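The block underneath contains the structure these notes are about, expressed in C-alpha cells.
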Amino acid sequence: MSERPSTERASGTDDNEDGPNTTRRTFLKGSSAAAGMAALGLQGTDPANANDTDDADEDDDDEGDDGPTNVILFVGDGQGRAQLDLGRYLKAYRKNSEKFPLNTADVTYNVDRHDAHGSAMTYPDDPEEFVADSAATATALSTGHKTYNGAIAGVKNDAGEFVPKKTVLEQARDMGYAVGLVTTARMTHATPASFASHVPSRDEEEKIAKQYVRDSGVDVLFGGARSYFLPDGRENDSANLVAEAKRNGYNYVTTASELDSLDSAPALGLFSESDHLSYTLDRQDDDDSTQPGLGAMTGTAIELLEARGGRKGFFLMVESGRIDHASHSNYPVVAHEQLEADDVIGRLLDYAENSHGETSVITTADHETGGLSLATGGPYDVNFDVLDGMNASTATVVPKIEEAESREEVASIMAEQMGVELLDTELDELRAYDTPVAEILNERIRLGWTSTGHTAENVPTFATGPNAEFFDGTVDNTDIADAIRKRLNGD
Ligand SMILES: [Zn+2]
C-alpha cells in the first residue's frame with residue numbers, strides 16, 4: 001500500500017513510438033459525431049473478442065500485440081438526469097437557436113455514444129441517513145463497499161473502528177498499471193480522496209494530502225488547492241508535501257502552461273490556492289486565469305499515464321467536481337459545467353475508439369444534487385436564451401453586486417455578466433439582498449430546485465468497452481468497483 005512512484009516502474013515505455021497512437025494532441029482535438037458512430041461499430045462487447053487486435057489498429061507496427069488495458073472512470077459529481085439533459089438542450093440551443101428544439105435529436109450528446117446505458121443506486125450504509133454524500137458514494141465506486149457518510153475508503157467494524165478498504169486504484173497500482181486522479185475540485189476533496197487515501201472523515205484533508213504524497217503511489221494528481229500541501233496552508237503540522245513530492249521524483253506544476261509542457265509522470269498539478277478550480281464559465285471569461293480546464297488536465301494525464309503504463313495500461317479517475325457545487329447553490333451555471341463534461345466525455349470515447357489496446361470508459365455520478373427540474377411553477381417553458389446569455393457564474397457576480405454603489409451599476413452588471421435586463425423591483429430586491437441572484441435567474445430560465453443538498457434518485461450510468469453490456473440496466477454503485485476490478489484482471 002505504500003509503493004513509491006519511480007521513473008523506473010513502468011515497463012515498455014521505451015516502445016512508445018510503436019505503441020499508443022493517440023497523443024495529447026489528438027485527444028485535445030475534441031470529439032466528433034462521426035468518430036462516435038465509428039466507435040459504436042468498432043467496440044466489441046463480446047468477452048470472447050476482448051483480446052482480439054482491434055480492427056482500428058490494423059496498420060499498427062506491432063500487429064498481434066494485445067496492447068494495454070486502460071480503465072477510465074468519469075464521475076460527474078451531482079450529475080443527475082436533469083443536469084445531463086440541461087447540458088444536452090443548451091448544447092443544441094447553441095448549435096442552432098433558430099431550429100431549436102427540433103434540432104436536438106441531430107446534435108450528438110456524448111453520453112449517448114456509450115455502448116451501455118443504465119443507472120446506479122447510490123444509498124450509503126449509514127445509521128442515520130438514506131441520502132449519500134460524496135465520500136460514501138466515492139468509497140462505493142472505489143472499493144465496492146457501502147459505508148457511512150463522510151468515510152474515505154473505509155468502513156466501520158462492529159467495534160466502531162475505521163477499517164480501510166483497498167481501492168481499485170491501489171489494486172491497479174499494485175498490478176503495475178499507471179494510475180491517476182484528475183478533478184476540478186480540491187485535490188483533497190472526497191471523490192478523488194476515496195481512490196487513494198483512507199481516513200475516517202472527509203474533513204481530514206491535510207491527512208489526505210499527506211497520504212497522497214507519502215503512501216499512495218499515484219502517478220498523476222491534477223486538481224485544485226495547493227495550500228493543503230504547503231506549510232503555510234496546513235494547520236496541524238508544517239509538512240512541505242510539495243517538496244517531498246519533488247524529492248520523490250514528481251514534476252510539480254501550478255499553471256495551465258506548465259501543465260502543457262509536462263512530459264513525464266509522476267506529476268503533481270495543483271492549479272488553485274486553497275479552493276476548487278473556478279467554474280468553467282468564469283475560467284473561460286477570465287483572460288488572467290492560469291487554471292487549465294478539465295479537458296486539458298485529462299488530456300495530459302492520459303498522455304503521461306499511457307507512457308508510464310506502457311504495455312500494461314492505466315487506470316484514471318476523472319471528476320467534474322463543480323456540477324455538485326453549482327447544484328448545491330442552485331446555480332444555473334451547472335449547465336455550463338455539463339457542457340465541459342460533455343466535451344471531456346466525447347474525447348474519452350474518441351480515445352477509447354482510437355487507442356492501442358482495450359480502453360473501457362465508465363461514466364457515472366456519485367449522486368444527484370439539488371433536485372433539479374427543467375421547468376418549474378406551472379408554465380410549460382424553459383428559456384435557453386437566458387441560460388445561453390450568461391457570461392459568468394453567480395459566484396463571480398454576487399461580490400460585484402455587493403460592492404455596487406447604485407441601482408444603475410447593479411443593472412449594468414446583471415446586463416453585461418448575466419445577460420438579463422432586470423425590473424426595478426428585482427433590482428431593489430437584489431440590492432436589499434432579499435432575493436439571491438441565482439433565484440432571479442432560475443425564475444427567468446424556469447429551472448426548479450427542490451434541495452440545496454443531495455437527493456437519493458438513481459444516477460445515469462454509461463459504459464463503453466469490453467463487457468460494457470453489464471451496465472445496461474440498473475446496478476448498484478458498488479458493482480462499478482467490481483466491474484473495474486474485473487477489467488484490471490483482464491476479465
Ligand atoms: Zn455535494
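Identifiers in the C-alpha cells: chain A, B, ... in order shown; residue index from 1 per chain; ligand index from 1 in order shown.
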
| message | Could you list the protein, DNA and RNA residues that have any atom within 10 Å of ligand 1, counting only C-alpha atoms and all ligand atoms, and write them as a list in words? | response |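 Using only C-alpha atoms and all ligand atoms, everything at most 10 Å from ligand 1 comes to Asp77, Gly78, Ala132, Asp133, Ser134, Ala135, Ala190, Gly321, Arg322, Ile323, Asp324, His325, Ala326, Ser327, His328, Ser329, Asp366, His367, Glu368, Thr369, Gly370, Thr452, Gly453, His454 and Thr455 of chain A.
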
Counting only C-alpha atoms, which residues in segment 310-403 of chain A sit no more than 9 Å from segment 264-282 of chain A? For each one, give the nearest pair of atoms and the distance in Å, sorted by chain then residue number, as a Markdown table.
| residue | atom | partner | partner_atom | distance |
| --- | --- | --- | --- | --- |
| A:Gly321 | CA | A:His276 | CA | 8.4 |
| A:Arg322 | CA | A:Tyr279 | CA | 6.8 |
| A:Ile323 | CA | A:Tyr279 | CA | 8.9 |
| A:Ala326 | CA | A:Tyr279 | CA | 8.4 |
| A:Val333 | CA | A:Leu281 | CA | 7.6 |
| A:Val334 | CA | A:Tyr279 | CA | 8.8 |
| A:His336 | CA | A:Leu281 | CA | 6.6 |
| A:Glu337 | CA | A:Thr280 | CA | 6.0 |
| A:Glu340 | CA | A:Thr280 | CA | 7.2 |
| A:Met390 | CA | A:Leu281 | CA | 8.4 |
| A:Asn391 | CA | A:Leu281 | CA | 6.5 |
| A:Ala392 | CA | A:Asp282 | CA | 5.3 |
| A:Ser393 | CA | A:Asp282 | CA | 6.2 |
| A:Ala395 | CA | A:Tyr279 | CA | 8.5 |
| A:Thr396 | CA | A:Asp282 | CA | 7.3 |

Preceding selection exported with all heavy atoms as a JSON list (two decimals), in the first residue's frame:
[["chain", "number", "residue", "atom", "x", "y", "z"],
["A", 321, "GLY", "N", -16.04, 18.09, -10.81],
["A", 321, "GLY", "CA", -16.44, 18.24, -9.41],
["A", 321, "GLY", "C", -17.42, 19.36, -9.15],
["A", 321, "GLY", "O", -18.11, 19.38, -8.13],
["A", 322, "ARG", "N", -17.51, 20.32, -10.09],
["A", 322, "ARG", "CA", -18.26, 21.52, -9.76],
["A", 322, "ARG", "C", -19.72, 21.49, -10.19],
["A", 322, "ARG", "O", -20.47, 22.42, -9.91],
["A", 322, "ARG", "CB", -17.52, 22.74, -10.30],
["A", 322, "ARG", "CG", -16.06, 22.76, -9.84],
["A", 322, "ARG", "CD", -15.63, 24.07, -9.28],
["A", 322, "ARG", "NE", -16.43, 24.50, -8.16],
["A", 322, "ARG", "CZ", -16.46, 25.75, -7.70],
["A", 322, "ARG", "NH1", -15.76, 26.67, -8.29],
["A", 322, "ARG", "NH2", -17.21, 26.07, -6.65],
["A", 323, "ILE", "N", -20.12, 20.40, -10.87],
["A", 323, "ILE", "CA", -21.54, 20.19, -11.12],
["A", 323, "ILE", "C", -22.25, 20.17, -9.78],
["A", 323, "ILE", "O", -23.32, 20.76, -9.59],
["A", 323, "ILE", "CB", -21.75, 18.85, -11.87],
["A", 323, "ILE", "CG1", -21.14, 18.91, -13.27],
["A", 323, "ILE", "CG2", -23.23, 18.48, -11.93],
["A", 323, "ILE", "CD1", -20.99, 17.55, -13.94],
["A", 326, "ALA", "N", -22.32, 23.78, -8.06],
["A", 326, "ALA", "CA", -23.34, 24.63, -8.69],
["A", 326, "ALA", "C", -24.73, 24.19, -8.26],
["A", 326, "ALA", "O", -25.60, 25.01, -7.97],
["A", 326, "ALA", "CB", -23.20, 24.56, -10.21],
["A", 333, "VAL", "N", -25.49, 27.85, -13.67],
["A", 333, "VAL", "CA", -24.19, 27.60, -14.31],
["A", 333, "VAL", "C", -23.85, 26.11, -14.33],
["A", 333, "VAL", "O", -22.90, 25.69, -14.99],
["A", 333, "VAL", "CB", -23.10, 28.43, -13.59],
["A", 333, "VAL", "CG1", -22.75, 27.83, -12.24],
["A", 333, "VAL", "CG2", -21.87, 28.58, -14.44],
["A", 334, "VAL", "N", -24.64, 25.31, -13.65],
["A", 334, "VAL", "CA", -24.46, 23.86, -13.73],
["A", 334, "VAL", "C", -24.53, 23.40, -15.20],
["A", 334, "VAL", "O", -23.87, 22.44, -15.60],
["A", 334, "VAL", "CB", -25.51, 23.10, -12.87],
["A", 334, "VAL", "CG1", -26.92, 23.28, -13.42],
["A", 334, "VAL", "CG2", -25.16, 21.63, -12.78],
["A", 336, "HIS", "N", -23.34, 24.91, -17.80],
["A", 336, "HIS", "CA", -22.05, 25.13, -18.45],
["A", 336, "HIS", "C", -21.02, 24.12, -17.97],
["A", 336, "HIS", "O", -20.13, 23.72, -18.72],
["A", 336, "HIS", "CB", -21.59, 26.57, -18.21],
["A", 336, "HIS", "CG", -22.63, 27.58, -18.64],
["A", 336, "HIS", "ND1", -23.69, 27.92, -17.83],
["A", 336, "HIS", "CD2", -22.79, 28.27, -19.79],
["A", 336, "HIS", "CE1", -24.46, 28.80, -18.46],
["A", 336, "HIS", "NE2", -23.94, 29.02, -19.65],
["A", 337, "GLU", "N", -21.15, 23.68, -16.71],
["A", 337, "GLU", "CA", -20.28, 22.60, -16.22],
["A", 337, "GLU", "C", -20.57, 21.32, -17.00],
["A", 337, "GLU", "O", -19.68, 20.54, -17.32],
["A", 337, "GLU", "CB", -20.49, 22.37, -14.72],
["A", 337, "GLU", "CG", -20.04, 23.52, -13.83],
["A", 337, "GLU", "CD", -18.58, 23.88, -14.01],
["A", 337, "GLU", "OE1", -17.72, 22.99, -13.85],
["A", 337, "GLU", "OE2", -18.29, 25.05, -14.34],
["A", 340, "GLU", "N", -18.84, 21.32, -20.35],
["A", 340, "GLU", "CA", -17.43, 20.92, -20.26],
["A", 340, "GLU", "C", -17.33, 19.40, -20.08],
["A", 340, "GLU", "O", -16.50, 18.73, -20.69],
["A", 340, "GLU", "CB", -16.73, 21.62, -19.09],
["A", 340, "GLU", "CG", -15.26, 21.22, -18.99],
["A", 340, "GLU", "CD", -14.48, 21.92, -17.88],
["A", 340, "GLU", "OE1", -14.83, 21.72, -16.70],
["A", 340, "GLU", "OE2", -13.53, 22.66, -18.20],
["A", 390, "MET", "N", -25.66, 33.95, -20.25],
["A", 390, "MET", "CA", -24.81, 34.14, -19.07],
["A", 390, "MET", "C", -23.33, 34.13, -19.46],
["A", 390, "MET", "O", -22.89, 33.28, -20.22],
["A", 390, "MET", "CB", -25.06, 33.01, -18.05],
["A", 390, "MET", "CG", -26.42, 33.08, -17.39],
["A", 390, "MET", "SD", -26.74, 31.61, -16.37],
["A", 390, "MET", "CE", -25.39, 31.70, -15.20],
["A", 391, "ASN", "N", -22.58, 35.10, -18.93],
["A", 391, "ASN", "CA", -21.14, 35.17, -19.21],
["A", 391, "ASN", "C", -20.29, 34.88, -18.00],
["A", 391, "ASN", "O", -19.07, 34.89, -18.07],
["A", 391, "ASN", "CB", -20.78, 36.56, -19.73],
["A", 391, "ASN", "CG", -21.43, 36.84, -21.06],
["A", 391, "ASN", "OD1", -21.42, 35.99, -21.94],
["A", 391, "ASN", "ND2", -22.03, 38.01, -21.20],
["A", 392, "ALA", "N", -20.93, 34.70, -16.86],
["A", 392, "ALA", "CA", -20.18, 34.46, -15.63],
["A", 392, "ALA", "C", -21.08, 33.67, -14.69],
["A", 392, "ALA", "O", -22.29, 33.62, -14.86],
["A", 392, "ALA", "CB", -19.77, 35.77, -14.98],
["A", 393, "SER", "N", -20.46, 33.07, -13.69],
["A", 393, "SER", "CA", -21.27, 32.36, -12.70],
["A", 393, "SER", "C", -21.78, 33.35, -11.67],
["A", 393, "SER", "O", -21.22, 34.44, -11.50],
["A", 393, "SER", "CB", -20.44, 31.28, -12.00],
["A", 393, "SER", "OG", -19.64, 31.88, -11.00],
["A", 395, "ALA", "N", -21.36, 32.98, -8.68],
["A", 395, "ALA", "CA", -20.30, 33.07, -7.67],
["A", 395, "ALA", "C", -19.43, 34.30, -7.91],
["A", 395, "ALA", "O", -18.94, 34.94, -6.98],
["A", 395, "ALA", "CB", -19.44, 31.81, -7.69],
["A", 396, "THR", "N", -19.24, 34.66, -9.18],
["A", 396, "THR", "CA", -18.42, 35.81, -9.53],
["A", 396, "THR", "C", -19.20, 37.11, -9.44],
["A", 396, "THR", "O", -18.67, 38.16, -9.07],
["A", 396, "THR", "CB", -17.90, 35.66, -10.99],
["A", 396, "THR", "OG1", -17.15, 34.47, -11.05],
["A", 396, "THR", "CG2", -17.05, 36.83, -11.41]]

| message | Please return, as a ChimeraX atom specification, all residues of segment 174-322 of chain A that DSSP assigns to alpha helix (DSSP H) on the basis of the backbone. | response | /A:174-175,190-196,205-211,241-247,256-261,280-285,294-309,322

Near Gly378 of chain A, within 12 Å and counting only C-alpha atoms, which residues show up once chain neighbours fewer than 5 positions away are dropped, as an mmCIF file with N, CA and C atoms, in the first residue's frame?
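The new file out-v5.cif reads:
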data_model
loop_
_atom_site.group_PDB
_atom_site.id
_atom_site.type_symbol
_atom_site.label_atom_id
_atom_site.label_comp_id
_atom_site.auth_asym_id
_atom_site.auth_seq_id
_atom_site.Cartn_x
_atom_site.Cartn_y
_atom_site.Cartn_z
ATOM 1 N N SER A 373 -35.057 20.388 -11.744
ATOM 2 C CA SER A 373 -36.051 20.041 -12.761
ATOM 3 C C SER A 373 -36.033 21.082 -13.869
ATOM 4 N N GLU A 443 -35.729 31.818 -11.985
ATOM 5 C CA GLU A 443 -37.088 32.244 -12.313
ATOM 6 C C GLU A 443 -37.190 32.588 -13.802
ATOM 7 N N ARG A 446 -36.562 29.357 -15.705
ATOM 8 C CA ARG A 446 -37.566 28.396 -15.258
ATOM 9 C C ARG A 446 -36.944 27.050 -14.895
ATOM 10 N N LEU A 447 -35.852 27.158 -14.114
ATOM 11 C CA LEU A 447 -35.253 25.963 -13.528
ATOM 12 C C LEU A 447 -35.790 25.798 -12.118
ATOM 13 N N GLY A 448 -36.195 24.569 -11.782
ATOM 14 C CA GLY A 448 -36.677 24.301 -10.433
ATOM 15 C C GLY A 448 -35.651 23.502 -9.649
#

| request: Name the closest residue to Asp385 of chain A among the candidates A:Val131, A:Ala243, A:Ala92, A:Leu102; distances are taken between atoms, counting only C-alpha atoms. | output: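 So, comparing all the options, the nearest one is A:Ala92.
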
Can you tell me, as a short mmCIF file (atom, residue, chain, number, x, y, z; two decimals) with N, CA and C atoms, in the first residue's frame, what residues are no more than 9 Å from Ser360 of chain A when counting only C-alpha atoms, ignoring any on the same chain fewer than 4 positions away?
data_model
loop_
_atom_site.label_atom_id
_atom_site.label_comp_id
_atom_site.auth_asym_id
_atom_site.auth_seq_id
_atom_site.Cartn_x
_atom_site.Cartn_y
_atom_site.Cartn_z
N THR A 69 -4.38 -2.55 -21.33
CA THR A 69 -5.76 -2.41 -20.85
C THR A 69 -5.85 -1.10 -20.08
N ASN A 70 -6.77 -0.24 -20.49
CA ASN A 70 -6.96 1.03 -19.78
C ASN A 70 -8.39 1.10 -19.25
N VAL A 71 -8.53 1.62 -18.05
CA VAL A 71 -9.87 1.82 -17.50
C VAL A 71 -9.98 3.28 -17.05
N ILE A 72 -10.98 3.97 -17.60
CA ILE A 72 -11.21 5.37 -17.24
C ILE A 72 -12.59 5.48 -16.61
N LEU A 73 -12.64 6.02 -15.40
CA LEU A 73 -13.91 6.26 -14.72
C LEU A 73 -14.16 7.76 -14.71
N LEU A 349 -14.28 9.02 -25.18
CA LEU A 349 -14.82 7.97 -26.05
C LEU A 349 -14.04 7.91 -27.36
N ALA A 352 -11.02 5.99 -26.46
CA ALA A 352 -11.30 4.56 -26.34
C ALA A 352 -11.37 3.91 -27.72
N ALA A 463 -21.40 2.96 -20.09
CA ALA A 463 -20.10 2.30 -20.25
C ALA A 463 -19.83 1.97 -21.71
N THR A 464 -18.55 1.96 -22.03
CA THR A 464 -18.08 1.57 -23.35
C THR A 464 -16.85 0.69 -23.16
N GLY A 465 -16.72 -0.32 -24.00
CA GLY A 465 -15.55 -1.19 -23.90
C GLY A 465 -15.96 -2.61 -23.59
N PRO A 466 -14.98 -3.50 -23.38
CA PRO A 466 -15.28 -4.91 -23.12
C PRO A 466 -16.25 -5.08 -21.96
N ASN A 467 -17.22 -5.94 -22.12
CA ASN A 467 -18.22 -6.25 -21.07
C ASN A 467 -19.09 -5.06 -20.68
N ALA A 468 -19.16 -4.06 -21.54
CA ALA A 468 -19.94 -2.87 -21.20
C ALA A 468 -21.41 -3.21 -20.98
N ILE A 484 -14.73 -2.62 -12.54
CA ILE A 484 -13.38 -2.10 -12.79
C ILE A 484 -12.33 -3.15 -12.42
N ARG A 487 -12.04 -5.72 -15.12
CA ARG A 487 -11.30 -5.25 -16.30
C ARG A 487 -9.80 -5.23 -16.01
#

| said: I need the residue nearest Leu141 of chain A from this list: A:Gln338, A:Thr167, A:Asn157, A:Ser238. Use only C-alpha atoms for the distance. | reply: A:Thr167

Taking 6 positions as the minimum chain separation for residues in the same chain, which residues sit within 10 Å of Ala483 of chain A when counting only C-alpha atoms? Answer as an mmCIF file with C-alpha atoms, in the first residue's frame.
data_model
loop_
_atom_site.group_PDB
_atom_site.id
_atom_site.type_symbol
_atom_site.label_atom_id
_atom_site.label_comp_id
_atom_site.auth_asym_id
_atom_site.auth_seq_id
_atom_site.Cartn_x
_atom_site.Cartn_y
_atom_site.Cartn_z
ATOM 1 C CA LEU A 141 -17.159 3.317 -6.507
ATOM 2 C CA GLY A 144 -17.063 -1.835 -3.742
ATOM 3 C CA VAL A 168 -9.420 -0.171 -7.418
ATOM 4 C CA ILE A 362 -17.435 4.162 -17.390
ATOM 5 C CA ASN A 467 -18.220 -6.253 -21.074
ATOM 6 C CA ALA A 468 -19.943 -2.868 -21.205
ATOM 7 C CA PHE A 470 -23.161 -5.217 -17.766
ATOM 8 C CA PHE A 471 -24.220 -1.574 -17.442
ATOM 9 C CA ASN A 489 -7.795 -8.559 -14.114
ATOM 10 C CA ASP A 491 -11.904 -10.381 -17.442
#
